[in-house]
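Asks: Here it is, the structure in full.
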2 protein chains.
Amino acid sequence: MLQTPGMFMRESLAHRPPTLWRYREALGINNPSNTVSLGEGFTPLVDYAVNGQVVLKLDFLCPTGSYKDRGSTVMISKLKEWGVAEIIEDSSGNAGASIAAYASRAGIRANIYVPTSTSAGKIAQIEMYGADLIKVLGSREDTTSAAFDAAQGMFYASHNWSPYFLAGMKTAAYEIAEQLAWKAPDWIVTPVGGGGLLVGLQLGFHDLLAAGFIQRAPRLAAVQASACDPVYRAWRARLEHIPAVDKGPTAAEGISVAKPVHGKAILAAIRESNGIVTTVDDGEVWTALETLGRQGIYVEPTAAAAPAALRKLHQAGIIGRDEGVVVMLTGSGLKATDKIVERQAAQAITYA
Amino acid sequence: MLQTPGMFMRESLAHRPPTLWRYREALGINNPSNTVSLGEGFTPLVDYAVNGQVVLKLDFLCPTGSYKDRGSTVMISKLKEWGVAEIIEDSSGNAGASIAAYASRAGIRANIYVPTSTSAGKIAQIEMYGADLIKVLGSREDTTSAAFDAAQGMFYASHNWSPYFLAGMKTAAYEIAEQLAWKAPDWIVTPVGGGGLLVGLQLGFHDLLAAGFIQRAPRLAAVQASACDPVYRAWRARLEHIPAVDKGPTAAEGISVAKPVHGKAILAAIRESNGIVTTVDDGEVWTALETLGRQGIYVEPTAAAAPAALRKLHQAGIIGRDEGVVVMLTGSGLKATDKIVERQAAQAITYA
């Protein structure tokens, strides 16, 4: 059997615990004693009772409540290996909470910059991990600038820039393939903001193809909020890079990124996979959130963007009802209590 | 090898997915097609960096954010098998959210009674699962009475009464034993309110002993809040049953139960395991919550009662530093954002 450099062996997996570190050979950590783990990954894949062949990847069932733990566990392990003592990170919330958790566990001091609009639940969580939290008045982009300026002379451990964070994201592809008995689905539907998960999926499936573990890669459906859709616009205009957009407010705060760092890589991943980009508005997001809830699954609005998009892609016939689909559910509903309570109150007033 | 009736075979486990349904033979569901699952169980066991041989069972990493999913998945599967269409449940929040989720997934209508003091995050979650939520002005006990009264002619699916809910709790013991290579720890430290988890652990280890999978069972350390300590008082007084107490307010809302349903079984489980009962006050709970946070682990106050108690038991020499200990962490910190934000605000004022 072919094996790419730094790739795991399928035969090694049977007796390894169900965490993403079962793929450790692909994750670039030299000394296993540097691994900073909270048992993350190997999240459940469960049926979605819609008209079609759809399974949901419950990737919010990671230790901090979001898929970002895939990246953090690998990146922080590498920083520990390098002996880094203090880092700076900027985030709309989930990556900040995730990096704060793993940095704490590694004994690395973390300074986390977030926009003031971040959900109260995410802010409380970051503080409880013992990180230094800096709230930035302004947009997600202003937050990045503030963190970048502050990082003069300190380690800028941005999840959007680190190749080790990206290596962690590839494990989502490895898991999906292993859980489907080494067959890729026809499609993967995923929210896209900074693009880490999308690009990680594409790289991960590329690894699996190169190793001969699967015979073809899935098509990637990238989902954006219609209020902030730079990837969609660039893809429609057949550009090679992604210009910034003026964005509006959206409940899908986790993908509200006006200019993704990985612009070229995002567009390349979508094209190479013969994929597509689509957008959803907040009404569609909330409807999908409620539909998921009725199946016992509670996610934050950003995560619900993916099933919202699938519904439209099914209706448009772009994804066939007979095609196998994996929908990535990226963040827990418990992360967004304030926004969900606000929505429920508004609904109650409407129908009273 | 011995095998108790309805026990799983160790040899069958190797190729089963990492959920609690890997122990399906012990769970009493006749037809596998009735299984209502969200991929729950097989939660991580990670090191706890304290002075001692301690691991943490991250049991809050279940689909609804609490260990209650162990019971709900089995109980709701059985109700589906029985063709039950509508149920009533009362809860301080976590069990209600869990049962609402699994009922929704099974297509069973759920009426969930909770005290008005329940965390906003838990209430929003229950509503999002599509359950009918009834808020009861008064105590946890008033809530049970209200649910009991309403259940005339309807199915009272109380997690405190169902043997199938309890069967689900046993899987925590099975998992711990399997994850520790079929050795039980010396001690398990667990919060106790209604007693389901404690009694389930004892029954589960009993099964493992009877099957010859382990050679001895662990000692159980039951933890209560000092503001509501009926188990502690009954145990100290060497009673066979548990009288009700007048309880005060506590941050550990999940174990604030004035008169546990399983009184006799709780006391028997503690005595048979050569165990102990101890109490912690809210100050100790918050300190433990912060200590866990600094290790990247974010739980709700109820869950932090267990490591708070371990600290005291270590200091008192009741649990030796050389003894192997598993600490059950039962609920996610994301469940208690309102209480944690309130605490952080109070701390900020104190130190400003």
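By order in the structure tokens, chains are A, B, ...; within a chain, residues start at 1; ligands start at 1, following the order shown.
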DSSP on the backbone, then: every residue of region 45-207 of chain A marked strand (DSSP E), written as number ranges by chain.
Replies: A: 45-47, 53-58, 86-90, 109-115, 132-136, 155-156, 187-191
Asks: Please provide the set of residues having any atom within 7 Å of region 37-45 of chain A, restricted to only C-alpha atoms, with same-chain residues fewer than 5 positions apart removed, written as a list of chain:residue names.
Replies: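 So the residues in contact are A:Pro18, A:Thr19, A:Leu20, A:Val55, A:Leu56, A:Lys57, A:Leu58, A:Asp59, A:Leu61, A:Cys62, A:Pro63, A:Asp69, A:Arg70, A:Thr73, A:Glu175, B:Gly39, B:Pro44, B:Val46.
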Asks: Using only C-alpha atoms, find which residues of chain A lie within 6 Å of chain B and jot them down as a list in words.
Replies: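 Here they are: Gly39, Pro44, Ala101, Tyr102, Ser104, Arg105, Gly121, Ala124, Met128, Tyr129, Gly130, Gly293, Arg294, Gln295, Gly296, Leu334, Thr337 and Val341 of chain A.
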Asks: Between CA of Ile88 (chain A) and CA of Gly196 (chain A), measure the distance and give it in Å to one decimal.
Replies: 18.3 Å
Asks: Can you tell me, as a ChimeraX atom specification, what residues are no more than 10 Å from Ala234 (chain A) when counting only C-alpha atoms, ignoring any on the same chain fewer than 3 positions away?
Replies: /A:229-231,237-244,263-264,267,277
Asks: Determine which residues of region 24-268 of chain B receive a DSSP assignment of helix (DSSP H, G or I), computed from the backbone, and state them as JSON, numbers by chain.
Replies: {"B": [24, 25, 26, 32, 33, 34, 69, 70, 71, 72, 73, 74, 75, 76, 77, 78, 79, 80, 81, 82, 94, 95, 96, 97, 98, 99, 100, 101, 102, 103, 104, 105, 106, 120, 121, 122, 123, 124, 125, 126, 127, 128, 140, 141, 142, 143, 144, 145, 146, 147, 148, 149, 150, 163, 164, 165, 166, 167, 168, 169, 170, 171, 172, 173, 174, 175, 176, 177, 178, 179, 196, 197, 198, 199, 200, 201, 202, 203, 204, 205, 206, 207, 208, 209, 210, 230, 231, 232, 233, 234, 235, 236, 253, 254, 255, 263, 264, 265, 266, 267, 268]}
Asks: Excluding Met7 (chain A) and its own-chain neighbours fewer than 4 positions away, which residues fall within 9 Å of it when counting only C-alpha atoms? Please give them as a list in words.
Replies: Gln3, Tyr23, Arg24, Glu25, Ala26, Leu27, Asp207, Leu208 and Ala211 of chain A
Asks: Restricting the calculation to only C-alpha atoms, which member of B:Ile255, B:Ile319, B:Ile112, B:Ala151 is positioned closest to Ile134 (chain B)?
Replies: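 Counting only C-alpha atoms, the residue closest to Ile134 (chain B) is B:Ile112.
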